Structure formats: C-alpha cells, structure tokens
$ cat coords.pdb   # PDB, C-alpha atoms, pLDDT in the B column
ATOM      1  CA  MET Y 799       0.000   0.000   0.000  1.00 95.00           C
ATOM      2  CA  LEU Y 800       1.177   3.520  -0.792  1.00 97.00           C
ATOM      3  CA  ARG Y 801       0.388   6.939   0.653  1.00 98.00           C
ATOM      4  CA  ILE Y 802       0.455   9.927  -1.651  1.00 98.00           C
ATOM      5  CA  SER Y 803       0.463  13.074   0.450  1.00 97.00           C
ATOM      6  CA  GLY Y 804       0.899  16.796   0.082  1.00 97.00           C
ATOM      7  CA  PRO Y 805      -1.230  19.777  -0.953  1.00 95.00           C
ATOM      8  CA  GLU Y 806      -1.168  18.699  -4.620  1.00 96.00           C
ATOM      9  CA  ALA Y 807      -1.747  14.976  -4.056  1.00 97.00           C
ATOM     10  CA  ARG Y 808      -5.185  14.736  -5.674  1.00 96.00           C
ATOM     11  CA  ASP Y 809      -4.330  17.020  -8.576  1.00 96.00           C
ATOM     12  CA  PHE Y 810      -1.160  15.006  -9.194  1.00 97.00           C
ATOM     13  CA  LEU Y 811      -3.103  11.741  -9.416  1.00 97.00           C
ATOM     14  CA  GLN Y 812      -5.870  13.346 -11.461  1.00 97.00           C
ATOM     15  CA  GLY Y 813      -3.616  13.752 -14.477  1.00 95.00           C
ATOM     16  CA  LEU Y 814      -2.348  10.165 -14.350  1.00 97.00           C
ATOM     17  CA  ILE Y 815      -5.073   7.688 -13.404  1.00 98.00           C
ATOM     18  CA  THR Y 816      -8.200   6.499 -15.205  1.00 98.00           C
ATOM     19  CA  ASN Y 817     -10.757   7.790 -12.689  1.00 98.00           C
ATOM     20  CA  ASP Y 818     -11.708  11.166 -11.242  1.00 98.00           C
ATOM     21  CA  THR Y 819     -10.157  12.007  -7.869  1.00 97.00           C
ATOM     22  CA  LYS Y 820     -13.106  14.313  -7.147  1.00 96.00           C
ATOM     23  CA  ARG Y 821     -15.031  11.130  -6.367  1.00 97.00           C
ATOM     24  CA  LEU Y 822     -12.890  10.715  -3.248  1.00 97.00           C
ATOM     25  CA  ASP Y 823     -15.222  13.183  -1.540  1.00 95.00           C
ATOM     26  CA  ALA Y 824     -17.865  10.436  -1.597  1.00 95.00           C
ATOM     27  CA  GLY Y 825     -15.663   7.475  -0.568  1.00 96.00           C
ATOM     28  CA  ALA Y 826     -13.370   4.902  -2.140  1.00 98.00           C
ATOM     29  CA  VAL Y 827     -12.498   5.149  -5.839  1.00 98.00           C
ATOM     30  CA  TYR Y 828     -11.472   2.261  -8.101  1.00 98.00           C
ATOM     31  CA  SER Y 829      -8.962   3.200 -10.780  1.00 98.00           C
ATOM     32  CA  ALA Y 830      -5.906   2.133 -12.759  1.00 98.00           C
ATOM     33  CA  LEU Y 831      -2.562   3.374 -13.980  1.00 98.00           C
ATOM     34  CA  LEU Y 832      -1.832   2.569 -17.621  1.00 98.00           C
ATOM     35  CA  THR Y 833       1.184   2.613 -19.867  1.00 97.00           C
ATOM     36  CA  PRO Y 834       1.407   5.361 -22.507  1.00 96.00           C
ATOM     37  CA  GLN Y 835       0.267   2.669 -24.980  1.00 96.00           C
ATOM     38  CA  GLY Y 836      -2.992   2.306 -23.035  1.00 97.00           C
ATOM     39  CA  LYS Y 837      -2.195  -1.062 -21.487  1.00 98.00           C
ATOM     40  CA  TYR Y 838      -2.733  -2.047 -17.866  1.00 98.00           C
ATOM     41  CA  MET Y 839       0.026  -1.425 -15.354  1.00 98.00           C
ATOM     42  CA  SER Y 840      -1.846  -1.616 -12.026  1.00 98.00           C
ATOM     43  CA  ASP Y 841      -5.331  -1.281 -10.577  1.00 98.00           C
ATOM     44  CA  PHE Y 842      -6.072  -0.004  -7.095  1.00 98.00           C
ATOM     45  CA  PHE Y 843      -8.489   1.535  -4.649  1.00 98.00           C
ATOM     46  CA  LEU Y 844      -7.936   5.152  -3.656  1.00 98.00           C
ATOM     47  CA  ILE Y 845      -8.979   5.976  -0.094  1.00 98.00           C
ATOM     48  CA  PRO Y 846      -9.235   9.527   1.308  1.00 97.00           C
ATOM     49  CA  ASP Y 847      -6.782   9.960   4.184  1.00 95.00           C
ATOM     50  CA  GLY Y 848      -7.373  13.445   5.537  1.00 88.00           C
ATOM     51  CA  PRO Y 849      -7.402  16.630   3.443  1.00 87.00           C
ATOM     52  CA  ASP Y 850      -3.933  16.233   1.929  1.00 93.00           C
ATOM     53  CA  ALA Y 851      -3.337  12.507   1.535  1.00 97.00           C
ATOM     54  CA  VAL Y 852      -4.656   9.529  -0.390  1.00 98.00           C
ATOM     55  CA  LEU Y 853      -4.063   5.854   0.325  1.00 98.00           C
ATOM     56  CA  MET Y 854      -3.466   3.651  -2.702  1.00 98.00           C
ATOM     57  CA  ASP Y 855      -4.550   0.093  -1.943  1.00 98.00           C
ATOM     58  CA  LEU Y 856      -2.926  -2.015  -4.647  1.00 97.00           C
ATOM     59  CA  PRO Y 857      -1.513  -5.529  -5.041  1.00 93.00           C
ATOM     60  CA  GLY Y 858       1.664  -5.790  -2.982  1.00 86.00           C
ATOM     61  CA  GLY Y 859       3.697  -7.105  -5.876  1.00 92.00           C
ATOM     62  CA  GLN Y 860       2.950  -3.955  -7.875  1.00 96.00           C
ATOM     63  CA  ALA Y 861       3.670  -1.348  -5.193  1.00 96.00           C
ATOM     64  CA  ALA Y 862       7.366  -0.815  -5.914  1.00 96.00           C
ATOM     65  CA  ALA Y 863       6.880  -0.438  -9.678  1.00 96.00           C
ATOM     66  CA  VAL Y 864       3.951   1.940  -9.231  1.00 97.00           C
ATOM     67  CA  ALA Y 865       5.856   4.035  -6.690  1.00 97.00           C
ATOM     68  CA  GLN Y 866       8.760   4.278  -9.131  1.00 96.00           C
ATOM     69  CA  LYS Y 867       6.442   5.289 -11.980  1.00 97.00           C
ATOM     70  CA  LEU Y 868       4.704   7.924  -9.855  1.00 97.00           C
ATOM     71  CA  ALA Y 869       8.080   9.323  -8.810  1.00 96.00           C
ATOM     72  CA  MET Y 870       9.001   9.619 -12.487  1.00 95.00           C
ATOM     73  CA  TYR Y 871       5.862  11.669 -13.151  1.00 94.00           C
ATOM     74  CA  LYS Y 872       6.237  13.767  -9.995  1.00 92.00           C
ATOM     75  CA  LEU Y 873       8.592  16.433 -11.404  1.00 88.00           C
ATOM     76  CA  ARG Y 874       7.975  19.526  -9.227  1.00 88.00           C
ATOM     77  CA  ALA Y 875       4.613  18.497  -7.805  1.00 90.00           C
ATOM     78  CA  LYS Y 876       4.323  19.034  -4.077  1.00 93.00           C
ATOM     79  CA  VAL Y 877       3.678  15.415  -3.184  1.00 96.00           C
ATOM     80  CA  ALA Y 878       5.369  12.648  -1.222  1.00 97.00           C
ATOM     81  CA  ILE Y 879       5.083   8.994  -2.254  1.00 97.00           C
ATOM     82  CA  GLU Y 880       5.848   6.456   0.464  1.00 97.00           C
ATOM     83  CA  PRO Y 881       4.826   2.995   1.688  1.00 96.00           C
ATOM     84  CA  ALA Y 882       1.891   2.820   4.096  1.00 95.00           C
ATOM     85  CA  GLU Y 883       2.230   0.094   6.718  1.00 92.00           C
ATOM     86  CA  LEU Y 884      -1.460  -0.776   6.895  1.00 94.00           C
ATOM     87  CA  SER Y 885      -3.448  -3.976   6.526  1.00 94.00           C
ATOM     88  CA  VAL Y 886      -6.808  -4.477   4.826  1.00 95.00           C
ATOM     89  CA  GLU Y 887      -9.907  -6.265   6.051  1.00 96.00           C
ATOM     90  CA  ARG Y 888     -12.747  -7.143   3.691  1.00 97.00           C
ATOM     91  CA  GLY Y 889     -16.257  -7.950   4.806  1.00 97.00           C
ATOM     92  CA  LEU Y 890     -19.856  -8.406   3.701  1.00 97.00           C
ATOM     93  CA  GLY Y 891     -23.044  -6.849   4.970  1.00 94.00           C
ATOM     94  CA  PRO Y 892     -23.441  -3.328   6.357  1.00 96.00           C
ATOM     95  CA  VAL Y 893     -20.397  -1.098   5.878  1.00 97.00           C
ATOM     96  CA  PRO Y 894     -18.773  -0.295   9.257  1.00 96.00           C
ATOM     97  CA  ALA Y 895     -18.314   3.322  10.269  1.00 96.00           C
ATOM     98  CA  ASP Y 896     -14.595   3.154   9.512  1.00 95.00           C
ATOM     99  CA  GLY Y 897     -15.025   1.172   6.298  1.00 97.00           C
ATOM    100  CA  PHE Y 898     -15.519   1.937   2.611  1.00 98.00           C
ATOM    101  CA  ALA Y 899     -17.960   0.246   0.256  1.00 98.00           C
ATOM    102  CA  ASP Y 900     -16.255  -1.536  -2.640  1.00 98.00           C
ATOM    103  CA  PRO Y 901     -16.860   0.918  -5.511  1.00 98.00           C
ATOM    104  CA  ARG Y 902     -16.817  -1.777  -8.203  1.00 98.00           C
ATOM    105  CA  HIS Y 903     -20.113  -3.439  -7.216  1.00 97.00           C
ATOM    106  CA  PRO Y 904     -22.354  -3.384  -4.098  1.00 96.00           C
ATOM    107  CA  ASP Y 905     -22.226  -7.190  -3.792  1.00 97.00           C
ATOM    108  CA  LEU Y 906     -18.446  -7.124  -3.246  1.00 98.00           C
ATOM    109  CA  GLY Y 907     -18.853  -5.776   0.296  1.00 97.00           C
ATOM    110  CA  TRP Y 908     -16.503  -3.360   2.009  1.00 98.00           C
ATOM    111  CA  ARG Y 909     -12.882  -2.712   2.925  1.00 97.00           C
ATOM    112  CA  ARG Y 910     -11.306  -1.065   5.936  1.00 97.00           C
ATOM    113  CA  TYR Y 911      -7.756  -0.176   6.862  1.00 97.00           C
ATOM    114  CA  GLY Y 912      -5.707  -0.308  10.029  1.00 95.00           C
ATOM    115  CA  THR Y 913      -3.031  -2.354  11.757  1.00 92.00           C
ATOM    116  CA  ASP Y 914      -3.185  -6.100  12.365  1.00 88.00           C
ATOM    117  CA  LEU Y 915      -6.499  -6.504  10.538  1.00 92.00           C
ATOM    118  CA  ALA Y 916      -7.504  -9.863   9.088  1.00 87.00           C
ATOM    119  CA  GLU Y 917     -10.497 -11.486   7.427  1.00 91.00           C
ATOM    120  CA  SER Y 918     -11.903 -14.966   7.839  1.00 92.00           C
ATOM    121  CA  PRO Y 919     -11.220 -17.609   5.176  1.00 95.00           C
ATOM    122  CA  GLU Y 920     -14.984 -17.982   4.762  1.00 96.00           C
ATOM    123  CA  VAL Y 921     -15.390 -14.304   3.875  1.00 96.00           C
ATOM    124  CA  ALA Y 922     -12.455 -14.443   1.467  1.00 96.00           C
ATOM    125  CA  GLN Y 923     -13.946 -17.514  -0.253  1.00 97.00           C
ATOM    126  CA  GLU Y 924     -17.367 -15.889  -0.582  1.00 97.00           C
ATOM    127  CA  ILE Y 925     -15.922 -12.657  -1.981  1.00 97.00           C
ATOM    128  CA  GLU Y 926     -13.898 -14.659  -4.500  1.00 97.00           C
ATOM    129  CA  ALA Y 927     -17.028 -16.505  -5.636  1.00 97.00           C
ATOM    130  CA  ARG Y 928     -18.865 -13.215  -6.011  1.00 97.00           C
ATOM    131  CA  ARG Y 929     -15.953 -11.719  -7.944  1.00 98.00           C
ATOM    132  CA  VAL Y 930     -16.151 -14.506 -10.493  1.00 97.00           C
ATOM    133  CA  LYS Y 931     -19.947 -14.368 -10.652  1.00 96.00           C
ATOM    134  CA  LEU Y 932     -19.779 -10.618 -11.347  1.00 97.00           C
ATOM    135  CA  ALA Y 933     -16.945 -10.920 -13.920  1.00 97.00           C
ATOM    136  CA  VAL Y 934     -14.541  -8.757 -11.931  1.00 98.00           C
ATOM    137  CA  PRO Y 935     -10.938  -9.226 -13.131  1.00 98.00           C
ATOM    138  CA  GLU Y 936      -8.073  -9.652 -10.661  1.00 97.00           C
ATOM    139  CA  ALA Y 937      -4.491  -8.468 -10.896  1.00 97.00           C
ATOM    140  CA  GLY Y 938      -2.081 -11.186 -11.937  1.00 94.00           C
ATOM    141  CA  VAL Y 939      -4.869 -13.423 -13.238  1.00 97.00           C
ATOM    142  CA  GLU Y 940      -7.172 -11.670 -15.712  1.00 98.00           C
ATOM    143  CA  LEU Y 941      -5.278  -8.360 -15.457  1.00 97.00           C
ATOM    144  CA  ILE Y 942      -1.823  -8.759 -16.987  1.00 96.00           C
ATOM    145  CA  PRO Y 943       0.660  -5.852 -16.923  1.00 96.00           C
ATOM    146  CA  ASP Y 944       1.724  -4.515 -20.320  1.00 96.00           C
ATOM    147  CA  ASP Y 945      -0.845  -6.753 -22.015  1.00 97.00           C
ATOM    148  CA  THR Y 946      -4.438  -6.116 -20.870  1.00 97.00           C
ATOM    149  CA  TYR Y 947      -6.609  -3.344 -22.317  1.00 97.00           C
ATOM    150  CA  ILE Y 948      -8.937  -2.283 -19.509  1.00 97.00           C
ATOM    151  CA  LEU Y 949     -12.086  -1.920 -21.614  1.00 97.00           C
ATOM    152  CA  GLU Y 950     -11.726  -5.536 -22.762  1.00 97.00           C
ATOM    153  CA  VAL Y 951     -12.092  -6.638 -19.129  1.00 97.00           C
ATOM    154  CA  GLY Y 952     -14.961  -4.318 -18.183  1.00 95.00           C
ATOM    155  CA  PHE Y 953     -13.368  -1.417 -16.312  1.00 96.00           C
ATOM    156  CA  ASP Y 954     -16.097   0.951 -17.462  1.00 94.00           C
ATOM    157  CA  ARG Y 955     -18.731  -1.451 -16.089  1.00 95.00           C
ATOM    158  CA  LEU Y 956     -16.868  -1.552 -12.757  1.00 97.00           C
ATOM    159  CA  ASN Y 957     -16.709   2.237 -12.275  1.00 97.00           C
ATOM    160  CA  GLY Y 958     -12.983   2.186 -12.951  1.00 98.00           C
ATOM    161  CA  VAL Y 959     -12.686   4.780 -15.712  1.00 97.00           C
ATOM    162  CA  ASP Y 960     -14.187   8.248 -16.185  1.00 97.00           C
ATOM    163  CA  PHE Y 961     -14.373   9.429 -19.800  1.00 94.00           C
ATOM    164  CA  ARG Y 962     -15.301  13.000 -18.838  1.00 93.00           C
ATOM    165  CA  LYS Y 963     -12.479  13.784 -16.412  1.00 91.00           C
ATOM    166  CA  GLY Y 964      -9.896  14.825 -18.978  1.00 89.00           C
ATOM    167  CA  CYS Y 965      -6.472  13.460 -19.751  1.00 94.00           C
ATOM    168  CA  PHE Y 966      -4.727  10.522 -18.098  1.00 97.00           C
ATOM    169  CA  VAL Y 967      -1.853   8.298 -19.134  1.00 97.00           C
ATOM    170  CA  GLY Y 968      -3.029   6.123 -22.034  1.00 97.00           C
ATOM    171  CA  GLN Y 969      -6.273   8.098 -22.355  1.00 96.00           C
ATOM    172  CA  GLU Y 970      -6.138   8.465 -26.135  1.00 95.00           C
ATOM    173  CA  ILE Y 971      -6.063   4.694 -26.683  1.00 95.00           C
ATOM    174  CA  VAL Y 972      -8.849   4.050 -24.168  1.00 96.00           C
ATOM    175  CA  ALA Y 973     -11.050   6.752 -25.690  1.00 94.00           C
ATOM    176  CA  ARG Y 974     -10.513   5.385 -29.187  1.00 93.00           C
ATOM    177  CA  MET Y 975     -11.522   1.902 -28.054  1.00 93.00           C
ATOM    178  CA  LYS Y 976     -14.598   3.311 -26.358  1.00 91.00           C
ATOM    179  CA  HIS Y 977     -15.898   5.486 -29.156  1.00 87.00           C
ATOM    180  CA  LYS Y 978     -14.490   4.194 -32.438  1.00 78.00           C
ATOM    181  CA  LEU Y 979     -13.905   0.470 -32.176  1.00 77.00           C
ATOM    182  CA  GLU Y 980     -16.153  -2.542 -31.712  1.00 87.00           C
ATOM    183  CA  LEU Y 981     -14.422  -4.855 -29.258  1.00 91.00           C
ATOM    184  CA  ARG Y 982     -13.572  -8.170 -30.868  1.00 94.00           C
ATOM    185  CA  LYS Y 983     -12.381  -9.906 -27.712  1.00 96.00           C
ATOM    186  CA  GLY Y 984     -12.888  -9.575 -24.004  1.00 96.00           C
ATOM    187  CA  LEU Y 985     -13.701 -11.088 -20.632  1.00 97.00           C
ATOM    188  CA  LYS Y 986     -16.865 -13.178 -20.357  1.00 97.00           C
ATOM    189  CA  ARG Y 987     -18.521 -15.303 -17.703  1.00 97.00           C
ATOM    190  CA  VAL Y 988     -18.735 -18.949 -18.664  1.00 98.00           C
ATOM    191  CA  SER Y 989     -20.100 -22.121 -17.161  1.00 97.00           C
ATOM    192  CA  VAL Y 990     -17.430 -24.756 -16.482  1.00 98.00           C
ATOM    193  CA  SER Y 991     -18.391 -28.398 -16.058  1.00 97.00           C
ATOM    194  CA  GLU Y 992     -15.350 -29.147 -13.872  1.00 97.00           C
ATOM    195  CA  PRO Y 993     -12.341 -27.220 -12.523  1.00 97.00           C
ATOM    196  CA  VAL Y 994      -9.289 -26.940 -14.769  1.00 98.00           C
ATOM    197  CA  PRO Y 995      -5.976 -25.109 -14.273  1.00 98.00           C
ATOM    198  CA  VAL Y 996      -5.993 -21.329 -14.647  1.00 98.00           C
ATOM    199  CA  GLY Y 997      -4.691 -20.465 -18.093  1.00 97.00           C
ATOM    200  CA  THR Y 998      -6.193 -23.489 -19.852  1.00 98.00           C
ATOM    201  CA  GLU Y 999      -6.792 -22.907 -23.556  1.00 98.00           C
ATOM    202  CA  ILE Y1000     -10.426 -22.855 -24.706  1.00 98.00           C
ATOM    203  CA  LEU Y1001     -11.144 -24.627 -27.987  1.00 98.00           C
ATOM    204  CA  SER Y1002     -14.136 -24.178 -30.271  1.00 97.00           C
ATOM    205  CA  GLY Y1003     -14.347 -26.535 -33.222  1.00 92.00           C
ATOM    206  CA  GLY Y1004     -10.676 -27.389 -32.795  1.00 92.00           C
ATOM    207  CA  VAL Y1005      -9.661 -23.714 -33.002  1.00 96.00           C
ATOM    208  CA  THR Y1006      -8.354 -21.628 -30.093  1.00 98.00           C
ATOM    209  CA  ALA Y1007     -11.165 -19.358 -28.896  1.00 98.00           C
ATOM    210  CA  GLY Y1008      -9.584 -17.978 -25.740  1.00 98.00           C
ATOM    211  CA  THR Y1009      -8.254 -18.747 -22.267  1.00 98.00           C
ATOM    212  CA  LEU Y1010      -9.985 -19.789 -19.057  1.00 98.00           C
ATOM    213  CA  TYR Y1011      -8.905 -18.023 -15.862  1.00 98.00           C
ATOM    214  CA  SER Y1012     -10.558 -17.802 -12.405  1.00 98.00           C
ATOM    215  CA  GLN Y1013     -13.234 -20.365 -11.500  1.00 98.00           C
ATOM    216  CA  ALA Y1014     -15.637 -20.731  -8.591  1.00 97.00           C
ATOM    217  CA  GLU Y1015     -18.778 -22.769  -8.045  1.00 96.00           C
ATOM    218  CA  GLY Y1016     -19.107 -23.866 -11.672  1.00 96.00           C
ATOM    219  CA  THR Y1017     -18.568 -20.390 -13.122  1.00 97.00           C
ATOM    220  CA  GLY Y1018     -15.392 -19.139 -14.748  1.00 98.00           C
ATOM    221  CA  LEU Y1019     -13.912 -16.035 -16.311  1.00 98.00           C
ATOM    222  CA  ALA Y1020     -12.712 -16.486 -19.867  1.00 98.00           C
ATOM    223  CA  PHE Y1021     -10.947 -14.127 -22.211  1.00 98.00           C
ATOM    224  CA  LEU Y1022     -12.491 -14.899 -25.589  1.00 98.00           C
ATOM    225  CA  ARG Y1023     -12.303 -13.963 -29.239  1.00 97.00           C
ATOM    226  CA  PHE Y1024     -15.949 -13.234 -29.929  1.00 96.00           C
ATOM    227  CA  ASP Y1025     -15.845 -14.431 -33.542  1.00 95.00           C
ATOM    228  CA  ARG Y1026     -14.744 -17.870 -32.377  1.00 96.00           C
ATOM    229  CA  VAL Y1027     -17.297 -18.436 -29.619  1.00 96.00           C
ATOM    230  CA  GLY Y1028     -19.279 -21.593 -30.300  1.00 93.00           C
ATOM    231  CA  ASP Y1029     -21.869 -23.889 -28.763  1.00 90.00           C
ATOM    232  CA  ALA Y1030     -19.460 -26.745 -27.952  1.00 92.00           C
ATOM    233  CA  MET Y1031     -16.373 -25.219 -26.394  1.00 97.00           C
ATOM    234  CA  THR Y1032     -13.938 -27.104 -24.183  1.00 97.00           C
ATOM    235  CA  ALA Y1033     -11.084 -26.244 -21.830  1.00 98.00           C
ATOM    236  CA  GLY Y1034      -9.089 -29.370 -21.117  1.00 97.00           C
ATOM    237  CA  ALA Y1035     -11.605 -31.948 -19.878  1.00 96.00           C
ATOM    238  CA  ALA Y1036     -14.250 -29.298 -19.087  1.00 97.00           C
ATOM    239  CA  SER Y1037     -17.175 -28.180 -21.191  1.00 97.00           C
ATOM    240  CA  VAL Y1038     -17.469 -24.401 -21.426  1.00 98.00           C
ATOM    241  CA  ALA Y1039     -20.392 -22.195 -22.423  1.00 97.00           C
ATOM    242  CA  VAL Y1040     -20.821 -18.416 -22.366  1.00 97.00           C
ATOM    243  CA  LEU Y1041     -23.298 -17.160 -19.771  1.00 95.00           C
ATOM    244  CA  GLU Y1042     -25.539 -14.125 -20.004  1.00 84.00           C
ATOM    245  CA  GLU Y1043     -24.169 -10.839 -18.662  1.00 78.00           C
ATOM    246  CA  ALA Y1044     -24.291 -10.559 -14.857  1.00 62.00           C
TER     247      ALA Y1044
END

$ encode --input "coords.pdb" --output "structure tokens"
Amino acid sequence: MLRISGPEARDFLQGLITNDTKRLDAGAVYSALLTPQGKYMSDFFLIPDGPDAVLMDLPGGQAAAVAQKLAMYKLRAKVAIEPAELSVERGLGPVPADGFADPRHPDLGWRRYGTDLAESPEVAQEIEARRVKLAVPEAGVELIPDDTYILEVGFDRLNGVDFRKGCFVGQEIVARMKHKLELRKGLKRVSVSEPVPVGTEILSGGVTAGTLYSQAEGTGLAFLRFDRVGDAMTAGAASVAVLEEA
C-alpha cells in the first residue's frame, strides 16, 4: 500500500489515473494506472486519508513499480510517495463506520484499513465466488501488466474509468476503443463443467477461442475472441459455455 500526500496529491493523481479524484469526496475510488500505450500497469483503490493525503490500496507485488512510476511523473509536484504500513480487512453486509464500500459493485462488500487486521477464510472464499460471478478481473490473473486493455475486461462497467475527467496516461487509446472500435475480444462469464488449471486454452471446433482463468462454483472467467465463440467449447476436460451478462 502507498500513501500519496501533500497539498497537490489529488491534482497530481488526477492527471495520471483512469478515474476522477473528485469522487474521493464520496468514498473509495477504483482506478488504474496505464502505460502510454494504453495497457494495464496496475489497478487499485484510492482511499481519502485526511485533506492532503490519499491511500493507494494495490496488489503488494505492484507497489514498488507503481511508486517508481509515480516518482518519475512527480517532477515539481508538491507530493510525497511512500509505503503505508497498513493492513486491509474485507467484509460483507453493512459497511462499518470506519469502512468503505467496494466501488466496483455493491455485492463485493466493504474494505477497511488499520493495523493487524484480518479477514476470515470464509469471507475471502465468498468474496472470490462473487468476484467470479460478477466478472470482476483480478491483478495477476485476468489483469496482466503490459498486455491487458482495460475496456476488454470491463473497467467501465466496474466504475474504474471516467471518460469525462480529462487526460490521463493512455487516455487516447482508451477513448478510441470506447468510441471508435467494436471490441472483438474480451472477458466473459462462462459455465465450467469441472475445474481446470488457470490459463487453460479454450477450444471451439478445434480452433483456439480464448483462455480460461478464475473459476468458482461452476462459473469461470474467460478471455475470448468473440468471432470464435461456439456452442461446444472445451477447456481441457471441461465443457465451457458463455453465460448471459451478470
């Protein structure tokens, strides 16, 4: 986790990330940092931390690279970028007074921050099942640095990108995909007859149609070429079929 602090912290982030930092006035914000080529680098939750600081809750394995990239963009901005020694607890049900609703979807519960926080394995398992059911991509699985285009995995559906906020890194590519192109591939929910390893190739009529990723309770997330989707797809020993949108 990172803390970005200083009188220009929000303005600094505003010119870089895919979402609008003005939304921090209402709670947590889901956003991403992209490469100049419009590809995914990291996704994260932004959490207001007083008037002059923002917490960036991001996958631990991405923190160092993101901190380095932010420092490169810093120039003369009056901000400090440093690690935040905090833990995260996720939960379901009513949002506690010191918690923040997950901004991606109401069914994903809440998050709160402090020291020595933990969540039960049962809660983690339920949230994972809901994530798959709702077709929410996860860093390191469906979200691949320097490869994934965020609109192909539903960032706009998950309140992760604001097309009216103005410029951000990679904005030109994202805007072009939004307004000028019909997506030919992307993340879809599928039924899976039995579990198979993450990354298993999906075949349709003997031709590669995509890749199967996260799975839970008979549902999976698949990255598919839409022109190759068929009625009798397989992934290893499993039968696969596209489900209706969640």

$ residues_around --input "coords.pdb" --residues "Thr998 in chain Y" --least-positions-apart "3" --cutoff "9 Å" --atoms "all atoms listed in the file" --output "list in words"
Val994, Pro995, Gly1008, Thr1009, Leu1010, Tyr1011, Ala1033 and Gly1034 of chain Y

$ write_last_selection --input "coords.pdb" --atoms "C-alpha atoms" --output "PDB file, keeping the file's coordinate frame"
ATOM      1  CA  VAL Y 994      -9.289 -26.940 -14.769  1.00 98.00           C
ATOM      2  CA  PRO Y 995      -5.976 -25.109 -14.273  1.00 98.00           C
ATOM      3  CA  GLY Y1008      -9.584 -17.978 -25.740  1.00 98.00           C
ATOM      4  CA  THR Y1009      -8.254 -18.747 -22.267  1.00 98.00           C
ATOM      5  CA  LEU Y1010      -9.985 -19.789 -19.057  1.00 98.00           C
ATOM      6  CA  TYR Y1011      -8.905 -18.023 -15.862  1.00 98.00           C
ATOM      7  CA  ALA Y1033     -11.084 -26.244 -21.830  1.00 98.00           C
ATOM      8  CA  GLY Y1034      -9.089 -29.370 -21.117  1.00 97.00           C
TER       9      GLY Y1034
END

$ closest_residue --input "coords.pdb" --among "Y:Glu887, Y:Asp896, Y:Asp855, Y:Glu992" --to "Ala1036 in chain Y" --atoms "all atoms listed in the file"
Y:Glu992

$ resolve_selection --input "coords.pdb" --expression "the PyMOL selection byres ((chain Y and resi 935) around 10)" --output "number ranges by chain"
Y: 929-930, 932-934, 936-942, 948, 951-953, 956, 985, 1011-1012, 1019

$ closest_residue --input "coords.pdb" --among "Y:Val996, Y:Val852, Y:Ala826, Y:Ile971" --to "Ser803 in chain Y" --atoms "all atoms listed in the file"
Y:Val852

$ atom_distance --input "coords.pdb" --atom1 "CA of Asp841 in chain Y" --atom2 "CA of Gln866 in chain Y"
15.2 Å

$ resolve_selection --input "coords.pdb" --expression "the PyMOL selection byres ((chain Y and resi 947) around 8)" --output "PyMOL selection string"
chain Y and resi 836-838+945-946+948-951+972

$ closest_residue --input "coords.pdb" --among "Y:Pro993, Y:Lys872, Y:Leu853, Y:Phe842" --to "Phe810 in chain Y" --atoms "all atoms listed in the file"
Y:Lys872

$ atom_distance --input "coords.pdb" --atom1 "CA of Ala824 in chain Y" --atom2 "CA of Met870 in chain Y"
29.0 Å

$ residues_around --input "coords.pdb" --residues "Arg909 in chain Y" --least-positions-apart "3" --cutoff "8 Å" --atoms "all atoms listed in the file" --output "compact mmCIF listing (two decimals) with C-alpha atoms, keeping the file's coordinate frame"
# COMPACT_ATOMS: atom_id res chain seq x y z
CA VAL Y 886 -6.81 -4.48 4.83
CA GLU Y 887 -9.91 -6.26 6.05
CA ARG Y 888 -12.75 -7.14 3.69
CA GLY Y 889 -16.26 -7.95 4.81
CA GLY Y 897 -15.02 1.17 6.30
CA PHE Y 898 -15.52 1.94 2.61
CA ALA Y 899 -17.96 0.25 0.26
CA ASP Y 900 -16.26 -1.54 -2.64

$ atom_distance --input "coords.pdb" --atom1 "CA of Ala863 in chain Y" --atom2 "CA of Trp908 in chain Y"
26.3 Å

$ residues_around --input "coords.pdb" --residues "Lys931 in chain Y" --least-positions-apart "6" --cutoff "10 Å" --atoms "all atoms listed in the file" --output "count of residues only"
12

$ closest_residue --input "coords.pdb" --among "Y:Val827, Y:Pro901, Y:Phe1024, Y:Ala916" --to "Glu980 in chain Y" --atoms "all atoms listed in the file"
Y:Phe1024
